[in-house]
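Comments concern the structure below.
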Amino acid sequence: MSLPLEDYAMIGNCHTAALVSRHGSIDWLCLPRFDSSACFAALLGDETHGHWSLCPRQAFDSQRSYVEGTLVMQTEFTTAQGCCRLTDGMLMDTGQPILIRIIEGLKGEVAMDLSLVIRFDYGSVVPWVRRLDEKGHCIHAVAGPDALVFHSDVPLHGHNLHTEAQFTVKGGQRLAFVMAWHASQEPRPVLPENAYHALRRTIYYWKEWADRNQDQGGVLRSLVTLKGLTYRPTGGIVAAPTTSLPERPGGDRNWDYRYCWLRDSTFTLYSLLTAGYREEAEAWRQWLLRAIAGTPRQLRIMYGLCGERRLSETNLDGLPGYEDSSPVRIGNAAHLQLQLDVFGEVMDTLHLGLRVGLPQSSDAWRLQRKLLDYLETVWHEPDEGIWEVRGPRRHFTHSKVMAWVAVDRAIKSAETFKLDGHLEAWRKLRERIRQDILTHGYNAELGSFVQSYGSRDLDASLLMIGLVGFLKADDPRVVGTIRAVEKELLQDGLVRRYRPRQELDGLAGEEGTFLACSFWLVDNYVLLGRRQEAHELYSHLISLRNDVGLFAEEYCPDRRRLVGNFPQAFSHIAHVNSAYNLFKPRGPAGDRSDAGRL
């Protein structure tokens, strides 16, 4: 049985990531990429679906922390007989995924158990396992396209299709365990001769990267997490390394987040650039340009790690789901949806890139013009909106606002950087969209903008109206909207996206409060000068991180638990931006809202 999300930490190598529990069990790992099939899938089932556990045989207490500025995790186990430290990391720059675990005796002696259950294809395929040496220190597991090489400093033995070991680690003793993936038709990879030195090189890599951070405040863990969610070969950033972790335990709001959303692009650029990570920001923007290249009508809201467009959704019947939350899904059917807001996010991202001096190309501007030509023909259509509802399409107010942003940023790019464009026609289109929103998206009786035209529902996405500069943050209509969100969508001080109803989003059941939306409320408070409330909400939000500083997508106040896919890039991005809004003289919220003012 998987543990609460708070009990997990992420290790990774900017190709994939693993979730390690505080009990020393790796319960989730996809190889060789974030979106590959899992060889350890106990997170969505139980240990029979694949895991790798290293933990004391007797009762123990555990404490853990990351090596500062890295994705290398250290867990200390204390028993009545002694204490030992488990260090977990994935090697950087090796050419293939290599995971290293080192047990070090600190005092006394600790009896340890190793349990290795390899199940390829999301827990469904039992591999053929054979020894590679007479003493049983090295094994090779193969099934279909996948193969793993596993080396242990202690002898291994097979039992009931599991690999096991029992050993004792004494004070001053170190034992290493190394696992590497390779394609089954290719030669076995050469494992590091010295696992300790190899892991030290990875620690050095991370520390050097962390030292480039221009602000060593409380956002470093979020920045390292975002770096860990980057697919280094392309620069894409996955929303999360997991799939089907429910928005409420037992529910069916379970989605695959191992893909790259366009919506995250502007927020991502702001967080990376503000922290001084220009190289990663440029790589992300280049990924964006490659991914969206093509016919504008084929623009997707999300793409694969290399810009793949086919992300067909399938249910996995062999996994019961996290805490029996089914179905378990791979792929995401939302990639086929029409979501008008992504046009605004893309145009805003590319405009931001120009403003901060990232290289501009004529090809990029031609693409932007094509996107705007297409948007002019579809902006008035209903869509599925920012939350990717699976109910009927609607005229979502946020979608129209972001369509306005797309046109507005194109105009400002052309004006500021002397680029060719149909400025007079674009100005007329911008005003037409603006008047449409003010006429149909605002309810004077409620004193607030509403979720969709003609409705009386509230939506947290309306908090973006002031943040993107559609109206000034202190405009009475924006202030009224914030007041309405506070009244209708706050739960225990945190913001819900909206009030779920099956006729709205096509799904039954509830969900938790959405952490990114709660950070957006912080940003609005900052722009309104409500700094004490901003600090109080920000402090509450960062208290919801787990003990190693990780956020999930949502938080369930009544159960006091993190819920949704984990760790969630959008939550960490929002955290970074809100911190800079609060603690820097001019943060991303003020900059972005000013960029949109007429």
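Identifiers in this document derive from the order of the structure tokens: chains are assigned A, B, ..., residues are numbered from 1 separately in each chain, and ligands are numbered from 1 in order of occurrence.
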
Next on the checklist: Please extract the residues of stretch 4-144 of chain A with a backbone DSSP assignment of helix (DSSP H, G or I) and present them as a list in words.
Outcome noted: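 Residues of stretch 4-144 of chain A classed as helix (DSSP H, G or I): Leu5, Glu6, Asp7, Ala42, Leu43, Leu44, Glu47, Thr48, His49, Phe120, Asp121, Tyr122 and Gly123 of chain A.
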
Next on the checklist: Set the distance at 12 Å and use only C-alpha atoms: which residues neighbour A:Asp436 once local chain neighbours fewer than 3 positions away are removed? I'd like the list as a list of chain:residue names.
Outcome noted: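 Final neighbour list, sorted by chain and number: A:Trp379, A:His380, A:His395, A:Phe396, A:Thr397, A:Lys400, A:Val401, A:Ala403, A:Trp404, A:Leu429, A:Arg430, A:Glu431, A:Arg432, A:Ile433, A:Thr439, A:His440, A:Gly441, A:Tyr442, A:Tyr453.
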
Checklist entry - Which distance in Å separates atom CA of A:Arg263 and atom CA of A:Leu562, to one decimal? => result 22.5 Å

Checklist entry - Smallest atom-to-atom distance to A:Glu388: which of A:Lys472, A:Arg456, A:Arg253, A:His197, using only C-alpha atoms? => result A:Arg253

Item to check | Polymer residues at most 8 Å from A:Val238, only C-alpha atoms, same-chain spacing of 3 or more positions, as a list in words | outcome: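 Selected residues are Phe34, Leu229, Thr230, Tyr231, Pro241, Tyr257, Arg258, Tyr259, Cys260, Trp261, Leu305 and Ala569 of chain A.
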
Keeping only N, CA, C and O atoms, take the residues you just selected and write them out as a PDB file, in the first residue's frame.
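Printed below is result_31.pdb as written:
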ATOM      1  N   PHE A  34      10.536  10.373 -18.480  1.00  0.00           N
ATOM      2  CA  PHE A  34       9.391  10.641 -17.619  1.00  0.00           C
ATOM      3  C   PHE A  34       8.133   9.919 -18.088  1.00  0.00           C
ATOM      4  O   PHE A  34       7.346   9.427 -17.282  1.00  0.00           O
ATOM      5  N   LEU A 229      12.419  18.549 -13.165  1.00  0.00           N
ATOM      6  CA  LEU A 229      11.299  18.197 -14.038  1.00  0.00           C
ATOM      7  C   LEU A 229      11.558  18.588 -15.490  1.00  0.00           C
ATOM      8  O   LEU A 229      10.688  18.438 -16.343  1.00  0.00           O
ATOM      9  N   THR A 230      12.767  19.074 -15.757  1.00  0.00           N
ATOM     10  CA  THR A 230      13.158  19.429 -17.116  1.00  0.00           C
ATOM     11  C   THR A 230      13.665  18.194 -17.853  1.00  0.00           C
ATOM     12  O   THR A 230      14.438  17.412 -17.307  1.00  0.00           O
ATOM     13  N   TYR A 231      13.212  18.024 -19.082  1.00  0.00           N
ATOM     14  CA  TYR A 231      13.764  16.975 -19.940  1.00  0.00           C
ATOM     15  C   TYR A 231      14.931  17.595 -20.698  1.00  0.00           C
ATOM     16  O   TYR A 231      14.757  18.343 -21.661  1.00  0.00           O
ATOM     17  N   PRO A 241       6.030  14.219 -12.553  1.00  0.00           N
ATOM     18  CA  PRO A 241       6.603  12.947 -12.991  1.00  0.00           C
ATOM     19  C   PRO A 241       5.668  11.769 -12.809  1.00  0.00           C
ATOM     20  O   PRO A 241       6.071  10.630 -13.015  1.00  0.00           O
ATOM     21  N   TYR A 257       0.107  13.536 -15.988  1.00  0.00           N
ATOM     22  CA  TYR A 257       0.717  14.868 -16.068  1.00  0.00           C
ATOM     23  C   TYR A 257       2.179  14.811 -16.537  1.00  0.00           C
ATOM     24  O   TYR A 257       2.912  15.785 -16.366  1.00  0.00           O
ATOM     25  N   ARG A 258       2.597  13.728 -17.172  1.00  0.00           N
ATOM     26  CA  ARG A 258       4.001  13.585 -17.570  1.00  0.00           C
ATOM     27  C   ARG A 258       4.268  14.213 -18.939  1.00  0.00           C
ATOM     28  O   ARG A 258       5.055  13.686 -19.731  1.00  0.00           O
ATOM     29  N   TYR A 259       3.637  15.348 -19.192  1.00  0.00           N
ATOM     30  CA  TYR A 259       3.758  16.036 -20.468  1.00  0.00           C
ATOM     31  C   TYR A 259       4.018  17.517 -20.225  1.00  0.00           C
ATOM     32  O   TYR A 259       4.051  17.983 -19.084  1.00  0.00           O
ATOM     33  N   CYS A 260       4.181  18.259 -21.294  1.00  0.00           N
ATOM     34  CA  CYS A 260       4.574  19.664 -21.215  1.00  0.00           C
ATOM     35  C   CYS A 260       3.413  20.545 -21.661  1.00  0.00           C
ATOM     36  O   CYS A 260       2.995  20.480 -22.824  1.00  0.00           O
ATOM     37  N   TRP A 261       2.913  21.358 -20.763  1.00  0.00           N
ATOM     38  CA  TRP A 261       1.774  22.242 -21.026  1.00  0.00           C
ATOM     39  C   TRP A 261       2.258  23.609 -21.503  1.00  0.00           C
ATOM     40  O   TRP A 261       3.145  24.216 -20.892  1.00  0.00           O
ATOM     41  N   LEU A 305       7.572  15.216 -24.502  1.00  0.00           N
ATOM     42  CA  LEU A 305       8.858  15.769 -24.092  1.00  0.00           C
ATOM     43  C   LEU A 305       9.646  16.332 -25.270  1.00  0.00           C
ATOM     44  O   LEU A 305      10.407  17.294 -25.119  1.00  0.00           O
ATOM     45  N   ALA A 569       4.852  20.894 -11.032  1.00  0.00           N
ATOM     46  CA  ALA A 569       5.619  22.043 -11.506  1.00  0.00           C
ATOM     47  C   ALA A 569       4.842  23.339 -11.340  1.00  0.00           C
ATOM     48  O   ALA A 569       5.397  24.356 -10.907  1.00  0.00           O
TER      49      ALA A 569
END

Next on the checklist: Give me, as a PyMOL selection string, all polymer residues having an atom no more than 12 Å from A:Thr225, counting only C-alpha atoms and skipping those fewer than 2 positions away in the same chain.
Outcome noted: chain A and resi 9-14+17+66+69-72+206+210+219-223+227-230+237-241+272+548-552+566-573+575-576

Checklist entry - Which residue gives the smallest distance to A:Asp547 among A:Phe417, A:Asp27, A:Leu438, A:Ser65, with only C-alpha atoms counted? => result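 Of A:Phe417, A:Asp27, A:Leu438, A:Ser65, the one nearest A:Asp547, counting only C-alpha atoms, is A:Ser65.
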
Next on the checklist: Just want the 10 Å neighbourhood of A:Gly105, counted on only C-alpha atoms, with same-chain residues fewer than 5 positions away dropped. Output as a list in words.
Outcome noted: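 The neighbour list is Glu76, Phe77, Gly82, Cys83, Cys84, Arg85, Leu86, Val110, Thr168, Val169, Lys170, Gly171, Gly172, Gln173, Arg174 and Leu175 of chain A.
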
Next on the checklist: Report, in Å to a single decimal, how far apart atom CA of A:Met90 and atom CA of A:Pro233 are.
Outcome noted: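 Going from atom CA of A:Pro233 over to atom CA of A:Met90, I get 16.3 Å.
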
Next on the checklist: Among stretch 266-510 of chain A, which residues does DSSP mark as strand (DSSP E or B) when it is run on the backbone? Keep the chain and numbering as in the structure and answer as a list in words.
Outcome noted: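 Matching residues, listed in order: Met302, Tyr303, Thr314, Asn315, Leu316, Val328, Arg329, Ile330, Asp383, Arg394, Phe396, Tyr442, Asn443, Ser448, Phe449, Ser452, Leu490, Gln491, Leu494 and Val495 of chain A.
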
Just N, CA, C and O atoms for this one: save the residues we selected as a PDB file, in the first residue's frame.
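result_28.pdb was written with the following content:
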ATOM      1  N   MET A 302      -0.842  20.871 -24.989  1.00  0.00           N
ATOM      2  CA  MET A 302       0.281  20.176 -24.369  1.00  0.00           C
ATOM      3  C   MET A 302       0.956  19.312 -25.421  1.00  0.00           C
ATOM      4  O   MET A 302       0.362  18.972 -26.447  1.00  0.00           O
ATOM      5  N   TYR A 303       2.201  18.970 -25.132  1.00  0.00           N
ATOM      6  CA  TYR A 303       2.995  18.163 -26.051  1.00  0.00           C
ATOM      7  C   TYR A 303       3.822  17.170 -25.249  1.00  0.00           C
ATOM      8  O   TYR A 303       3.986  17.302 -24.033  1.00  0.00           O
ATOM      9  N   THR A 314      -5.378   6.142 -22.383  1.00  0.00           N
ATOM     10  CA  THR A 314      -5.759   4.750 -22.185  1.00  0.00           C
ATOM     11  C   THR A 314      -5.864   4.466 -20.695  1.00  0.00           C
ATOM     12  O   THR A 314      -5.089   5.008 -19.906  1.00  0.00           O
ATOM     13  N   ASN A 315      -6.817   3.619 -20.328  1.00  0.00           N
ATOM     14  CA  ASN A 315      -6.927   3.182 -18.935  1.00  0.00           C
ATOM     15  C   ASN A 315      -6.154   1.881 -18.743  1.00  0.00           C
ATOM     16  O   ASN A 315      -6.221   0.976 -19.572  1.00  0.00           O
ATOM     17  N   LEU A 316      -5.412   1.798 -17.629  1.00  0.00           N
ATOM     18  CA  LEU A 316      -4.666   0.591 -17.279  1.00  0.00           C
ATOM     19  C   LEU A 316      -5.488  -0.223 -16.294  1.00  0.00           C
ATOM     20  O   LEU A 316      -5.693   0.184 -15.152  1.00  0.00           O
ATOM     21  N   VAL A 328      -6.641   4.294 -13.577  1.00  0.00           N
ATOM     22  CA  VAL A 328      -5.272   4.743 -13.810  1.00  0.00           C
ATOM     23  C   VAL A 328      -5.144   5.022 -15.301  1.00  0.00           C
ATOM     24  O   VAL A 328      -5.418   4.148 -16.125  1.00  0.00           O
ATOM     25  N   ARG A 329      -4.754   6.244 -15.632  1.00  0.00           N
ATOM     26  CA  ARG A 329      -4.700   6.669 -17.030  1.00  0.00           C
ATOM     27  C   ARG A 329      -3.260   6.909 -17.470  1.00  0.00           C
ATOM     28  O   ARG A 329      -2.453   7.443 -16.706  1.00  0.00           O
ATOM     29  N   ILE A 330      -2.956   6.543 -18.701  1.00  0.00           N
ATOM     30  CA  ILE A 330      -1.734   6.993 -19.359  1.00  0.00           C
ATOM     31  C   ILE A 330      -2.143   7.686 -20.650  1.00  0.00           C
ATOM     32  O   ILE A 330      -3.112   7.298 -21.308  1.00  0.00           O
ATOM     33  N   ASP A 383     -14.989  27.033 -25.737  1.00  0.00           N
ATOM     34  CA  ASP A 383     -13.865  26.102 -25.634  1.00  0.00           C
ATOM     35  C   ASP A 383     -13.962  25.326 -24.321  1.00  0.00           C
ATOM     36  O   ASP A 383     -14.928  25.462 -23.572  1.00  0.00           O
ATOM     37  N   ARG A 394     -17.894  25.983 -23.329  1.00  0.00           N
ATOM     38  CA  ARG A 394     -18.521  27.220 -22.895  1.00  0.00           C
ATOM     39  C   ARG A 394     -17.676  28.414 -23.340  1.00  0.00           C
ATOM     40  O   ARG A 394     -16.520  28.256 -23.717  1.00  0.00           O
ATOM     41  N   PHE A 396     -15.752  30.610 -21.815  1.00  0.00           N
ATOM     42  CA  PHE A 396     -15.089  30.885 -20.550  1.00  0.00           C
ATOM     43  C   PHE A 396     -14.452  32.276 -20.579  1.00  0.00           C
ATOM     44  O   PHE A 396     -13.737  32.624 -21.525  1.00  0.00           O
ATOM     45  N   TYR A 442     -18.827  40.015 -17.353  1.00  0.00           N
ATOM     46  CA  TYR A 442     -18.958  40.701 -16.063  1.00  0.00           C
ATOM     47  C   TYR A 442     -20.426  40.765 -15.666  1.00  0.00           C
ATOM     48  O   TYR A 442     -21.291  41.094 -16.478  1.00  0.00           O
ATOM     49  N   ASN A 443     -20.701  40.416 -14.411  1.00  0.00           N
ATOM     50  CA  ASN A 443     -22.064  40.448 -13.884  1.00  0.00           C
ATOM     51  C   ASN A 443     -22.158  41.601 -12.892  1.00  0.00           C
ATOM     52  O   ASN A 443     -21.621  41.535 -11.784  1.00  0.00           O
ATOM     53  N   SER A 448     -18.867  41.199 -10.090  1.00  0.00           N
ATOM     54  CA  SER A 448     -17.735  40.308 -10.334  1.00  0.00           C
ATOM     55  C   SER A 448     -17.780  39.776 -11.753  1.00  0.00           C
ATOM     56  O   SER A 448     -18.855  39.649 -12.355  1.00  0.00           O
ATOM     57  N   PHE A 449     -16.597  39.465 -12.284  1.00  0.00           N
ATOM     58  CA  PHE A 449     -16.544  38.652 -13.483  1.00  0.00           C
ATOM     59  C   PHE A 449     -16.989  37.240 -13.119  1.00  0.00           C
ATOM     60  O   PHE A 449     -16.927  36.828 -11.954  1.00  0.00           O
ATOM     61  N   SER A 452     -18.128  31.849 -16.939  1.00  0.00           N
ATOM     62  CA  SER A 452     -18.443  31.796 -18.368  1.00  0.00           C
ATOM     63  C   SER A 452     -19.611  32.728 -18.644  1.00  0.00           C
ATOM     64  O   SER A 452     -20.382  33.083 -17.736  1.00  0.00           O
ATOM     65  N   LEU A 490     -12.967  30.238  -1.259  1.00  0.00           N
ATOM     66  CA  LEU A 490     -11.998  29.946  -0.215  1.00  0.00           C
ATOM     67  C   LEU A 490     -12.478  28.786   0.652  1.00  0.00           C
ATOM     68  O   LEU A 490     -13.641  28.729   1.041  1.00  0.00           O
ATOM     69  N   GLN A 491     -11.574  27.871   0.946  1.00  0.00           N
ATOM     70  CA  GLN A 491     -11.832  26.786   1.877  1.00  0.00           C
ATOM     71  C   GLN A 491     -10.637  26.689   2.816  1.00  0.00           C
ATOM     72  O   GLN A 491      -9.527  26.391   2.378  1.00  0.00           O
ATOM     73  N   LEU A 494      -7.713  28.663   1.578  1.00  0.00           N
ATOM     74  CA  LEU A 494      -7.104  28.307   0.302  1.00  0.00           C
ATOM     75  C   LEU A 494      -8.142  28.373  -0.811  1.00  0.00           C
ATOM     76  O   LEU A 494      -9.345  28.244  -0.565  1.00  0.00           O
ATOM     77  N   VAL A 495      -7.668  28.538  -2.043  1.00  0.00           N
ATOM     78  CA  VAL A 495      -8.562  28.798  -3.169  1.00  0.00           C
ATOM     79  C   VAL A 495      -8.885  27.511  -3.923  1.00  0.00           C
ATOM     80  O   VAL A 495      -7.979  26.766  -4.322  1.00  0.00           O
TER      81      VAL A 495
END

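Interatomic distance, atom CA of A:Asp594 to atom CA of A:Val526: 13.9 Å.
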
Checklist entry - Can you list, as a list in words, every protein, DNA or RNA residue that comes within 9 Å of stretch 370-375 of chain A when you count only C-alpha atoms, leaving out same-chain residues fewer than 6 positions away? => result Thr295, Pro296, Arg297, Leu299, Leu340, Phe343, Met347, Ala403, Ala406, Val407, Ala410 and Trp426 of chain A

Next on the checklist: Here is a test: counting only C-alpha atoms, which residue of A:Thr243, A:Asn577, A:Gln286, A:Ser21 is nearest to A:Thr349?
Outcome noted: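 Under the stated criterion, the closest residue is A:Gln286.
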
Next on the checklist: Between A:Leu269, A:Ala516, A:Ile102, A:Leu467, which residue has the minimum interatomic distance to A:Ala589, considering only C-alpha atoms?
Outcome noted: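 When distances to A:Ala589 are compared using only C-alpha atoms, the smallest one comes from A:Leu467.
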
Next on the checklist: From the options A:Tyr538, A:Trp28, A:Tyr277, A:Trp255, which residue's atoms come nearest to A:Asp46, counting only C-alpha atoms?
Outcome noted: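 Answer, going by the shortest atom-to-atom distance: A:Trp28.
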